[in-house]
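K.L.:
This structure is in structure tokens; I'll ask about it shortly.
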There are 2 protein chains.
Amino acid sequence: MMTRRELLASFACMALASSVVGEGQPMEQRISIVTLGVKNLAVSRRFYVDGLGWKPVYEDKEIIFFQTGGMVFALFLRDKLAEDFSGESRHVRTRPHGTRLQCSHQERSGPVDEARWGRRRNGLKSAAQATWGGYSGYFADPDGFAWEVAWNPNWRMTPDGSIHIPAPNKKSS
Amino acid sequence: MMTRRELLASFACMALASSVVGEGQPMEQRISIVTLGVKNLAVSRRFYVDGLGWKPVYEDKEIIFFQTGGMVFALFLRDKLAEDFSGESRHVRTRPHGTRLQCSHQERSGPVDEARWGRRRNGLKSAAQATWGGYSGYFADPDGFAWEVAWNPNWRMTPDGSIHIPAPNKKSS
């Protein structure tokens with residue numbers, strides 16, 4: 001087992017090689033999670049849960065997850081979302097759409113390979129172990145839209161790439 | 001057959017009743033299309049197609065569609081996207097995230113029922129026949145994120161709500 005420091009160091013090394021690697025390795029054509037950064041979670045909850053009738057599969061004080069077919073739709077406090085993808089550079093905070101939306105691509109296995117994604121990072125957070133037990137890194141598209149590349153060992157992925165959050169639903173209020 | 005004018009008039013009537021109808025009718029828990037508004041389609045194409053290796057299922061000079069599992073990911077010129085969801089009110093243009101992102105929910109059958117969605121419209125376009133042959137209307141969530149409710153008779157929907165754009169791929173260049 002590598003320590004966290006060793007792991008991060010190895011990511012950094014891989015990042016150095018990233019201008020060579022990556023171009024020829026396609027990313028599976030999937031979106032696993034669409035996350036909207038919202039101002040007030042209770043207000044958003046009323047709209048989506050009470051208004052549209054959607055049922056959360058998980059919720060706490062910062063985030064609400066909905067299972068939407070083979071993908072997940074999330075409402076996340078926008079300040080927390082902005083924190084989540086701020087990397088070494090903080091300039092991402094000034095991007096209005098970059099801090100409000102996240103598309104996430106879940107990998108089939110971990111850890112997330114910084115060599116593949118680092119060169120597209122564009123100031124966003126490099127791949128590293130996440131507090132929730134998996135790995136997460138970001139890249140940005142030419143318009144600054146943030147893509148997370150993540151691996152969550154607690155979520156089930158079917159062979160077709162669909163992801164499923166395990167029940168039960170945990171209510172925060 | 002109703003004329004377009006009659007159809008619009010009937011939508012307007014339904015909209016008047018919309019403060020009563022709608023609250024108790026849940027919306028199926030699905031996202032059919034995620035559309036990002038992009039500045040330069042050729043630049044975005046290079047990133048997603050040449051860089052990530054994603055294969056378009058349809059593309060023209062304004063939009064590129066990718067089949068991503070049971071849903072669709074789209075890159076759309078941002079000015080065209082803004083036009084698409086501007087309704088009677090033009091104030092939507094000033095919303096930075098509202099004009100860059102669209103989540104679309106495809107209905108199982110048409111036309112789109114303005115009575116269900118009109119009351120949440122919030123300045124966005126009311127449901128009406130679309131130039132591409134189906135129906136499309138918009139509502140906005142509390143943060144101004146734009147949701148399209150649409151019905152496209154040319155796209156195939158499976159019983160689980162997945163949508164599939166028919167091949168072949170049409171290249172614009």
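Following the order of the structure tokens, chains are lettered A, B, ..., residues in each are numbered from 1, and ligands are numbered from 1.
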Output as a PyMOL selection string all residues of range 17-157 of chain A that backbone DSSP marks as strand (DSSP E).

P.N.:
chain A and resi 33-38+56-59+63-68+71-77+101-106+128-129+135-140+146-151+156-157

K.L.:
Can I get the residues of chain B within 8 Å of chain A, each with the closest pair of atoms and their distance in Å to one decimal, using only C-alpha atoms, sorted chain first then ascending number, as CSV?

P.N.:
```
residue,atom,partner,partner_atom,distance
B:Glu23,CA,A:Gly51,CA,6.0
B:Gly24,CA,A:Gly51,CA,7.9
B:Gln25,CA,A:Leu52,CA,7.4
B:Pro26,CA,A:Gly53,CA,4.5
B:Met27,CA,A:Leu52,CA,5.4
B:Glu28,CA,A:Trp54,CA,7.5
B:Gln29,CA,A:Thr68,CA,5.4
B:Arg30,CA,A:Thr68,CA,4.7
B:Ile31,CA,A:Thr68,CA,6.6
B:Val38,CA,A:Asp143,CA,6.2
B:Lys39,CA,A:Asp143,CA,6.9
B:Val43,CA,A:Pro142,CA,7.1
B:Ser44,CA,A:Pro142,CA,6.2
B:Phe47,CA,A:Asp141,CA,7.0
B:Gly51,CA,A:Glu23,CA,5.9
B:Leu52,CA,A:Pro26,CA,5.1
B:Gly53,CA,A:Pro26,CA,4.5
B:Trp54,CA,A:Gln29,CA,5.9
B:Lys55,CA,A:Gln29,CA,7.9
B:Phe66,CA,A:Gln29,CA,8.0
B:Gln67,CA,A:Gln29,CA,7.5
B:Thr68,CA,A:Arg30,CA,4.7
B:Gly69,CA,A:Arg30,CA,6.1
B:Gly70,CA,A:Gly70,CA,7.3
B:Pro96,CA,A:Pro96,CA,6.5
B:His97,CA,A:His97,CA,5.2
B:Arg100,CA,A:His97,CA,7.1
B:Asp141,CA,A:Phe47,CA,7.0
B:Pro142,CA,A:Ser44,CA,6.3
B:Asp143,CA,A:Val38,CA,6.2
B:Asp160,CA,A:Gly69,CA,7.5
B:Gly161,CA,A:Gly69,CA,7.5
B:Ser162,CA,A:Gly69,CA,7.5
```

K.L.:
Keeping N, CA, C and O atoms for every residue in the selection just given, could you write it to a file as a CSV table (one decimal), in the first residue's frame?

P.N.:
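File produced: part.csv:
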```csv
chain,number,residue,atom,x,y,z
B,23,GLU,N,-49.5,20.7,-9.9
B,23,GLU,CA,-48.8,20.4,-8.6
B,23,GLU,C,-48.8,18.9,-8.3
B,23,GLU,O,-47.8,18.4,-7.8
B,24,GLY,N,-49.9,18.3,-8.5
B,24,GLY,CA,-50.1,16.9,-8.1
B,24,GLY,C,-49.5,15.9,-9.1
B,24,GLY,O,-49.6,14.7,-8.9
B,25,GLN,N,-49.1,16.4,-10.3
B,25,GLN,CA,-48.7,15.4,-11.4
B,25,GLN,C,-47.1,15.3,-11.4
B,25,GLN,O,-46.5,16.2,-11.8
B,26,PRO,N,-46.6,14.2,-10.9
B,26,PRO,CA,-45.1,14.1,-10.9
B,26,PRO,C,-44.5,14.1,-12.3
B,26,PRO,O,-45.2,13.7,-13.3
B,27,MET,N,-43.3,14.6,-12.5
B,27,MET,CA,-42.6,14.5,-13.7
B,27,MET,C,-41.7,13.3,-13.6
B,27,MET,O,-41.0,13.1,-12.6
B,28,GLU,N,-41.7,12.4,-14.6
B,28,GLU,CA,-40.8,11.2,-14.6
B,28,GLU,C,-39.4,11.7,-14.3
B,28,GLU,O,-38.9,12.7,-14.8
B,29,GLN,N,-38.7,10.9,-13.4
B,29,GLN,CA,-37.4,11.2,-12.9
B,29,GLN,C,-36.3,10.9,-13.9
B,29,GLN,O,-35.6,9.9,-13.8
B,30,ARG,N,-36.2,11.7,-14.9
B,30,ARG,CA,-35.2,11.5,-16.0
B,30,ARG,C,-34.7,12.7,-16.6
B,30,ARG,O,-35.4,13.8,-16.6
B,31,ILE,N,-33.4,12.7,-17.0
B,31,ILE,CA,-32.8,13.8,-17.9
B,31,ILE,C,-32.5,13.1,-19.2
B,31,ILE,O,-31.8,12.1,-19.3
B,38,VAL,N,-21.9,26.5,-26.2
B,38,VAL,CA,-20.4,26.7,-26.5
B,38,VAL,C,-20.2,27.9,-27.4
B,38,VAL,O,-21.0,28.2,-28.3
B,39,LYS,N,-19.0,28.5,-27.3
B,39,LYS,CA,-18.7,29.7,-28.1
B,39,LYS,C,-18.4,29.3,-29.5
B,39,LYS,O,-18.8,30.0,-30.5
B,43,VAL,N,-14.0,24.4,-32.1
B,43,VAL,CA,-13.1,24.2,-31.0
B,43,VAL,C,-13.6,23.1,-30.0
B,43,VAL,O,-12.8,22.3,-29.6
B,44,SER,N,-14.9,23.2,-29.7
B,44,SER,CA,-15.5,22.2,-28.8
B,44,SER,C,-15.4,20.8,-29.4
B,44,SER,O,-15.1,19.8,-28.8
B,47,PHE,N,-12.1,19.3,-29.0
B,47,PHE,CA,-11.9,18.8,-27.6
B,47,PHE,C,-12.6,17.5,-27.3
B,47,PHE,O,-12.0,16.5,-26.8
B,51,GLY,N,-10.1,15.0,-29.0
B,51,GLY,CA,-9.4,14.8,-27.7
B,51,GLY,C,-9.9,13.7,-26.9
B,51,GLY,O,-9.1,12.8,-26.5
B,52,LEU,N,-11.2,13.6,-26.5
B,52,LEU,CA,-11.7,12.6,-25.7
B,52,LEU,C,-12.1,11.3,-26.5
B,52,LEU,O,-12.3,10.3,-25.9
B,53,GLY,N,-12.2,11.5,-27.8
B,53,GLY,CA,-12.5,10.3,-28.6
B,53,GLY,C,-14.0,10.0,-28.7
B,53,GLY,O,-14.4,8.9,-29.1
B,54,TRP,N,-14.8,11.0,-28.4
B,54,TRP,CA,-16.3,10.7,-28.4
B,54,TRP,C,-16.8,10.8,-29.9
B,54,TRP,O,-16.3,11.6,-30.7
B,55,LYS,N,-17.8,10.0,-30.2
B,55,LYS,CA,-18.3,9.9,-31.6
B,55,LYS,C,-19.7,10.6,-31.7
B,55,LYS,O,-20.6,10.1,-31.0
B,66,PHE,N,-24.2,13.7,-29.0
B,66,PHE,CA,-23.5,12.5,-28.7
B,66,PHE,C,-24.5,11.5,-27.9
B,66,PHE,O,-25.1,12.0,-27.0
B,67,GLN,N,-24.5,10.3,-28.3
B,67,GLN,CA,-25.3,9.3,-27.5
B,67,GLN,C,-24.5,8.9,-26.4
B,67,GLN,O,-23.4,8.4,-26.5
B,68,THR,N,-25.0,9.2,-25.1
B,68,THR,CA,-24.2,8.8,-23.9
B,68,THR,C,-25.1,7.9,-23.1
B,68,THR,O,-25.9,8.4,-22.3
B,69,GLY,N,-25.0,6.6,-23.3
B,69,GLY,CA,-25.9,5.7,-22.7
B,69,GLY,C,-27.3,5.9,-23.1
B,69,GLY,O,-27.6,6.2,-24.3
B,70,GLY,N,-28.2,5.9,-22.2
B,70,GLY,CA,-29.6,6.2,-22.5
B,70,GLY,C,-30.0,7.6,-22.6
B,70,GLY,O,-31.2,8.0,-22.6
B,96,PRO,N,-26.3,34.2,-16.6
B,96,PRO,CA,-25.1,33.6,-17.1
B,96,PRO,C,-25.2,32.1,-17.2
B,96,PRO,O,-24.8,31.4,-18.2
B,97,HIS,N,-25.8,31.4,-16.2
B,97,HIS,CA,-25.8,30.0,-16.3
B,97,HIS,C,-27.1,29.5,-17.0
B,97,HIS,O,-27.1,28.5,-17.7
B,100,ARG,N,-26.3,29.0,-20.7
B,100,ARG,CA,-25.2,28.2,-21.1
B,100,ARG,C,-25.5,26.7,-20.9
B,100,ARG,O,-24.7,25.8,-21.4
B,141,ASP,N,-35.8,26.5,-12.8
B,141,ASP,CA,-35.7,26.1,-11.4
B,141,ASP,C,-35.4,27.3,-10.5
B,141,ASP,O,-35.2,28.4,-11.1
B,142,PRO,N,-35.4,27.2,-9.2
B,142,PRO,CA,-35.2,28.4,-8.4
B,142,PRO,C,-33.9,29.2,-8.6
B,142,PRO,O,-33.8,30.4,-8.4
B,143,ASP,N,-32.9,28.5,-9.2
B,143,ASP,CA,-31.6,29.2,-9.4
B,143,ASP,C,-31.5,29.6,-10.9
B,143,ASP,O,-30.5,30.1,-11.3
B,160,ASP,N,-38.0,2.1,-20.5
B,160,ASP,CA,-37.3,2.7,-19.3
B,160,ASP,C,-37.1,4.2,-19.3
B,160,ASP,O,-36.5,4.7,-18.4
B,161,GLY,N,-37.4,4.8,-20.5
B,161,GLY,CA,-37.3,6.2,-20.6
B,161,GLY,C,-36.0,6.6,-21.3
B,161,GLY,O,-35.8,7.8,-21.5
B,162,SER,N,-35.1,5.7,-21.6
B,162,SER,CA,-33.9,6.0,-22.3
B,162,SER,C,-34.3,6.5,-23.7
B,162,SER,O,-35.2,6.1,-24.3
```

K.L.:
Name all residues at most 7 Å from Arg156 in chain B (count only C-alpha atoms; drop same-chain ones fewer than 3 positions away) and give them as an NGL selection string.

P.N.:
:B and (163-165)

K.L.:
What is the distance, in Å and to one decimal place, between CA of Ala127 in chain B and CA of Leu75 in chain A?

P.N.:
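Calculated distance between CA of Ala127 in chain B and CA of Leu75 in chain A is 25.5 Å.
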
K.L.:
Show which residues sit within 9 Å of Pro111 in chain A, as a PyMOL selection string. Count only C-alpha atoms, and ignore same-chain residues fewer than 6 positions away.

P.N.:
chain A and resi 127-129+134-136+150-151

K.L.:
Which residues in range 34-67 of chain A does DSSP call helix (DSSP H, G or I)? List them as a PyMOL selection string.

P.N.:
chain A and resi 41-51

K.L.:
For Gly133 in chain B, please output as number ranges by chain all residues within 9 Å (counting only C-alpha atoms; exclusion window: fewer than 3 positions along the same chain).

P.N.:
B: 129-130, 152-154

K.L.:
I need the chosen residues saved as an mmCIF file, in the first residue's frame, with N, CA and C atoms.

P.N.:
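Output contents, as saved in again22.cif:
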```cif
data_model
loop_
_atom_site.group_PDB
_atom_site.id
_atom_site.type_symbol
_atom_site.label_atom_id
_atom_site.label_comp_id
_atom_site.auth_asym_id
_atom_site.auth_seq_id
_atom_site.Cartn_x
_atom_site.Cartn_y
_atom_site.Cartn_z
ATOM 1 N N GLN B 129 -45.085 24.169 -30.857
ATOM 2 C CA GLN B 129 -44.529 23.342 -31.902
ATOM 3 C C GLN B 129 -43.127 23.878 -32.255
ATOM 4 N N ALA B 130 -42.192 22.969 -32.456
ATOM 5 C CA ALA B 130 -40.818 23.385 -32.742
ATOM 6 C C ALA B 130 -40.508 23.205 -34.220
ATOM 7 N N ASN B 152 -39.957 14.679 -29.120
ATOM 8 C CA ASN B 152 -39.389 14.579 -30.456
ATOM 9 C C ASN B 152 -39.833 13.255 -31.065
ATOM 10 N N PRO B 153 -40.764 13.309 -32.021
ATOM 11 C CA PRO B 153 -41.299 12.061 -32.591
ATOM 12 C C PRO B 153 -40.264 11.269 -33.382
ATOM 13 N N ASN B 154 -39.124 11.911 -33.700
ATOM 14 C CA ASN B 154 -38.105 11.216 -34.490
ATOM 15 C C ASN B 154 -37.102 10.456 -33.640
#
```

K.L.:
Hey, can you check how far CA of Leu77 in chain B sits from CA of Ala146 in chain B?

P.N.:
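If I compute the distance from CA of Leu77 in chain B to CA of Ala146 in chain B, I get 15.9 Å.
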
K.L.:
At what distance in Å, to one decimal, does CA of Ile33 in chain B lie from CA of Gln106 in chain B?

P.N.:
8.0 Å
